[in-house]
Structure formats: structure tokens, C-alpha cells
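Student: What follows is a single structure, and I will ask about it in a moment.
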Amino acid sequence: RSSAARRRRYNPSASLETIHWGRNYLYRSHLETTEDRLEVVVKQFRNQGWLKRLKRRWLGSKAARSFHNARALDAAGVPTADAVLLIESKRSDGPSLFVTRHLEGVIEARYLLRAANRHLEKERFPDIDVDAFFDALGHTVNRMHLAGIFHRDLSIGNVLLPAEILGLPMGEAR
């Protein structure tokens, strides 16, 4: 494919679904390979502002750090989406993209925890034991730390829960 065709593939306007649109863009797309057509999630980091461009020059792009961190999590046995691709603009103010395999039937932990904060977890997630979730999360974070991985952005939006844990049919997880 031409470079213009590749750029269009990773343009958010060509996405199958927008997952999050804010400081960063997350969207679902397809990645054509010689063997298969993968469903992927693209996280596009914008590098706007002089401080972000300078940080990118010193530390590498956020996409590159995300890609390498996902590989480190996988190597440590911590469940994470498969890192598939890293795309970086040559321009310091250009976007960088981190591409992972799409995980069907997951939700962000934020939805469970927000429901629990309002004492609605039994109503909205009747098949999940919130205490057991926290135990599992604690064990996972401990495994990360024992592997020398310290997640600087471990937030409720960066923890994904499989639908089967939540007692939801696969199609209802989003």
C-alpha cells in the first residue's frame, strides 16, 4: 500500500468505533497483514506544545514507551493487550500511535468502581465480588512490582475487566 493509504488507515476518521476521545484518541480499527485481518485498538498520542515535544525528544514518544511497557508486562506474566505496532511521526509535533490487539468483551474498571462508590455494584454487576476484584488487582500490581515494573498511570481507566468476570454476555461488555 502507498504511504497515503497507510496514513488513512490510522486516521481516527477511518475508525470502526471511537473508544475514547479526549487528551488522547483511542479507536478500534483493522490492520491488514499478509496472513490475516486483525482487529486492533489504536491509541494516538498528540504531541502539542513545546513541553510535550521536548519530553518526546528526551524520553521518546508516549507511544514508544507504551509499546515497550506492554512488552515488559507480557514478559512478566501480567495480562495485557498484545502490543502489535508502533507508529511515530518524524515531526516532533506529529502524532505517535500505539497499536494493540483488540480485546473483545472488556470494560474499564472505572465502571465497576464508580458503581461501587455509589453502592450500586450489586445492582449493576451482580455476579462480581468487588473484594475479590481488589484482591486480584493487588496480586497483579504486586507481580508487576516484583518484576520491577512501576506503573506511573495505574488508574481505573487503565485496568480492563473481562466480561466473563463481570457475568456479562460478551456483546454487552462495552
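A note on labels: chains of the C-alpha cells are A, B, ... as shown, every chain counts residues from 1, and ligands are counted from 1 in their shown order.
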Any chance you could list, as number ranges by chain, the residues in chain A that come up strand (DSSP E or B) when DSSP is run on the backbone?
Tutor: A: 17-21, 25-32, 37-45, 83-88, 96-101, 106-108, 160-162
Student: For the selection just defined, write its residues with N, CA, C and O atoms to a file, as a short mmCIF file (atom, residue, chain, number, x, y, z; two decimals), in the first residue's frame.
Tutor:
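Saved file part16.cif follows:
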data_model
loop_
_atom_site.label_atom_id
_atom_site.label_comp_id
_atom_site.auth_asym_id
_atom_site.auth_seq_id
_atom_site.Cartn_x
_atom_site.Cartn_y
_atom_site.Cartn_z
N GLU A 17 -14.83 2.34 15.43
CA GLU A 17 -15.52 2.78 16.65
C GLU A 17 -14.57 3.65 17.44
O GLU A 17 -13.39 3.35 17.58
N THR A 18 -15.10 4.75 17.97
CA THR A 18 -14.33 5.58 18.89
C THR A 18 -14.49 5.00 20.28
O THR A 18 -15.61 4.78 20.74
N ILE A 19 -13.38 4.75 20.96
CA ILE A 19 -13.41 4.23 22.32
C ILE A 19 -13.29 5.37 23.32
O ILE A 19 -13.98 5.41 24.32
N HIS A 20 -12.39 6.30 23.04
CA HIS A 20 -12.21 7.46 23.92
C HIS A 20 -11.68 8.60 23.07
O HIS A 20 -10.79 8.42 22.25
N TRP A 21 -12.24 9.78 23.28
CA TRP A 21 -11.82 10.95 22.54
C TRP A 21 -11.58 12.05 23.56
O TRP A 21 -12.51 12.57 24.14
N TYR A 25 -6.54 9.92 21.71
CA TYR A 25 -7.62 9.28 20.97
C TYR A 25 -7.42 7.77 21.02
O TYR A 25 -6.33 7.29 20.75
N LEU A 26 -8.48 7.05 21.34
CA LEU A 26 -8.45 5.59 21.26
C LEU A 26 -9.59 5.17 20.34
O LEU A 26 -10.74 5.60 20.54
N TYR A 27 -9.25 4.35 19.37
CA TYR A 27 -10.28 3.91 18.45
C TYR A 27 -9.96 2.51 17.95
O TYR A 27 -8.81 2.07 17.95
N ARG A 28 -11.00 1.82 17.54
CA ARG A 28 -10.88 0.46 17.01
C ARG A 28 -10.75 0.54 15.50
O ARG A 28 -11.40 1.35 14.85
N SER A 29 -9.87 -0.29 14.95
CA SER A 29 -9.62 -0.28 13.52
C SER A 29 -9.23 -1.69 13.08
O SER A 29 -9.18 -2.60 13.89
N HIS A 30 -8.97 -1.84 11.79
CA HIS A 30 -8.47 -3.11 11.25
C HIS A 30 -7.04 -2.92 10.78
O HIS A 30 -6.68 -1.87 10.27
N LEU A 31 -6.25 -3.95 10.96
CA LEU A 31 -4.87 -3.97 10.48
C LEU A 31 -4.74 -5.13 9.52
O LEU A 31 -4.96 -6.28 9.90
N GLU A 32 -4.42 -4.83 8.28
CA GLU A 32 -4.24 -5.86 7.27
C GLU A 32 -2.83 -6.41 7.36
O GLU A 32 -1.87 -5.64 7.37
N ARG A 37 -6.49 -10.40 8.96
CA ARG A 37 -7.00 -9.05 9.20
C ARG A 37 -7.28 -8.96 10.69
O ARG A 37 -8.20 -9.60 11.20
N LEU A 38 -6.45 -8.21 11.40
CA LEU A 38 -6.57 -8.10 12.85
C LEU A 38 -7.46 -6.94 13.24
O LEU A 38 -7.39 -5.87 12.63
N GLU A 39 -8.26 -7.15 14.26
CA GLU A 39 -8.98 -6.03 14.85
C GLU A 39 -8.08 -5.47 15.93
O GLU A 39 -7.58 -6.20 16.79
N VAL A 40 -7.81 -4.17 15.86
CA VAL A 40 -6.85 -3.54 16.76
C VAL A 40 -7.46 -2.31 17.42
O VAL A 40 -8.48 -1.79 16.98
N VAL A 41 -6.79 -1.87 18.47
CA VAL A 41 -7.10 -0.59 19.11
C VAL A 41 -5.89 0.30 18.90
O VAL A 41 -4.75 -0.11 19.15
N VAL A 42 -6.13 1.50 18.43
CA VAL A 42 -5.07 2.47 18.18
C VAL A 42 -5.20 3.56 19.23
O VAL A 42 -6.27 4.12 19.43
N LYS A 43 -4.10 3.81 19.94
CA LYS A 43 -4.05 4.93 20.87
C LYS A 43 -3.14 5.96 20.25
O LYS A 43 -1.95 5.72 20.05
N GLN A 44 -3.73 7.09 19.90
CA GLN A 44 -2.99 8.15 19.24
C GLN A 44 -2.65 9.23 20.26
O GLN A 44 -3.53 9.81 20.89
N PHE A 45 -1.36 9.45 20.43
CA PHE A 45 -0.88 10.49 21.34
C PHE A 45 -0.58 11.73 20.51
O PHE A 45 0.09 11.65 19.49
N ALA A 83 0.86 -6.00 22.31
CA ALA A 83 1.42 -4.86 21.57
C ALA A 83 1.69 -5.34 20.15
O ALA A 83 2.39 -6.32 19.94
N VAL A 84 1.12 -4.65 19.17
CA VAL A 84 1.22 -5.08 17.77
C VAL A 84 2.13 -4.17 16.96
O VAL A 84 2.94 -4.65 16.17
N LEU A 85 2.01 -2.88 17.16
CA LEU A 85 2.66 -1.94 16.25
C LEU A 85 2.91 -0.62 16.94
O LEU A 85 2.15 -0.19 17.81
N LEU A 86 3.98 0.05 16.53
CA LEU A 86 4.33 1.38 16.98
C LEU A 86 4.52 2.22 15.73
O LEU A 86 5.26 1.83 14.83
N ILE A 87 3.85 3.35 15.69
CA ILE A 87 3.99 4.27 14.55
C ILE A 87 4.33 5.64 15.11
O ILE A 87 3.64 6.13 16.00
N GLU A 88 5.38 6.25 14.58
CA GLU A 88 5.79 7.56 15.04
C GLU A 88 5.98 8.50 13.87
O GLU A 88 6.58 8.13 12.86
N SER A 96 2.04 10.15 17.60
CA SER A 96 2.63 8.81 17.72
C SER A 96 1.49 7.88 18.08
O SER A 96 0.56 8.26 18.78
N LEU A 97 1.55 6.64 17.54
CA LEU A 97 0.45 5.71 17.72
C LEU A 97 0.94 4.38 18.30
O LEU A 97 1.96 3.86 17.85
N PHE A 98 0.21 3.90 19.26
CA PHE A 98 0.47 2.61 19.89
C PHE A 98 -0.71 1.72 19.54
O PHE A 98 -1.86 2.07 19.80
N VAL A 99 -0.43 0.58 18.91
CA VAL A 99 -1.49 -0.30 18.41
C VAL A 99 -1.42 -1.63 19.15
O VAL A 99 -0.36 -2.26 19.22
N THR A 100 -2.57 -2.05 19.69
CA THR A 100 -2.67 -3.34 20.37
C THR A 100 -3.77 -4.16 19.72
O THR A 100 -4.65 -3.63 19.03
N ARG A 101 -3.71 -5.45 19.98
CA ARG A 101 -4.80 -6.32 19.54
C ARG A 101 -6.05 -5.93 20.33
O ARG A 101 -5.98 -5.68 21.53
N VAL A 106 -14.41 -6.49 27.06
CA VAL A 106 -13.81 -5.96 28.27
C VAL A 106 -14.42 -4.59 28.58
O VAL A 106 -14.94 -3.93 27.68
N ILE A 107 -14.38 -4.23 29.85
CA ILE A 107 -14.77 -2.88 30.23
C ILE A 107 -13.68 -2.32 31.13
O ILE A 107 -12.90 -3.07 31.73
N GLU A 108 -13.65 -1.03 31.23
CA GLU A 108 -12.70 -0.38 32.14
C GLU A 108 -13.19 -0.58 33.56
O GLU A 108 -14.39 -0.52 33.84
N LEU A 160 -8.50 -3.15 32.75
CA LEU A 160 -9.61 -3.71 31.99
C LEU A 160 -10.09 -5.00 32.65
O LEU A 160 -9.31 -5.80 33.13
N LEU A 161 -11.40 -5.17 32.64
CA LEU A 161 -12.03 -6.36 33.21
C LEU A 161 -12.70 -7.16 32.12
O LEU A 161 -13.51 -6.63 31.36
N PRO A 162 -12.40 -8.46 32.03
CA PRO A 162 -13.07 -9.30 31.04
C PRO A 162 -14.55 -9.47 31.39
O PRO A 162 -14.92 -9.52 32.56
#
Student: I want to know what sits within 12 Å of A:His145, based on only C-alpha atoms, with residues of the same chain fewer than 4 positions away left out; could you give that as a VMD selection string?
Tutor: chain A and resid 72 to 73 76 to 78 138 to 141 149 to 152
Student: So which bits of stretch 11-163 of chain A end up helix (DSSP H, G or I) when you DSSP the backbone, as a ChimeraX atom specification?
Tutor: /A:12-14,50-59,62-75,109-117,121-124,130-146,163
Student: If we count only C-alpha atoms and set the cut-off at 8 Å, which residues sit around A:Val159, ignoring sequence neighbours fewer than 4 positions away in its own chain? Please answer as a list in words.
Tutor: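 My list of contacting residues is Glu108, Ala109, Arg110, Leu154 and Ser155 of chain A.
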Student: May I have the residues within 12 Å of A:Lys90 as a PyMOL selection string, using only C-alpha atoms and disregarding those fewer than 2 positions away in the same chain?
Tutor: chain A and resi 47+53+56-57+60-61+87-88+92-96
Student: Which residue gives the smallest distance to A:Ser89 among A:Leu120, A:Asn69, A:Arg46, A:Gly148, with only C-alpha atoms counted?
Tutor: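 Among the listed residues, A:Arg46 lies closest to A:Ser89.
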Student: Which one is closest to A:His102: A:Ala81, A:Leu146, A:Leu51, A:Ala116? Count only C-alpha atoms.
Tutor: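 Of A:Ala81, A:Leu146, A:Leu51, A:Ala116, the one nearest A:His102 is A:Ala81, counting only C-alpha atoms.
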Student: Work out how far atom CA of A:Ala75 is from atom CA of A:Lys55, in Å to one decimal.
Tutor: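 Atom CA of A:Ala75 lies 26.6 Å from atom CA of A:Lys55.
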Student: May I ask which of the residues A:Thr80, A:Arg71, A:Val130, A:Arg65 is the closest one to A:Arg114, counting only C-alpha atoms?
Tutor: A:Val130
Student: Which residue is closest to A:Gln48? Choose from A:Ser66, A:Asn24, A:Asn158, A:Asn117 and count only C-alpha atoms.
Tutor: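 Result for the nearest residue to A:Gln48: A:Asn24.
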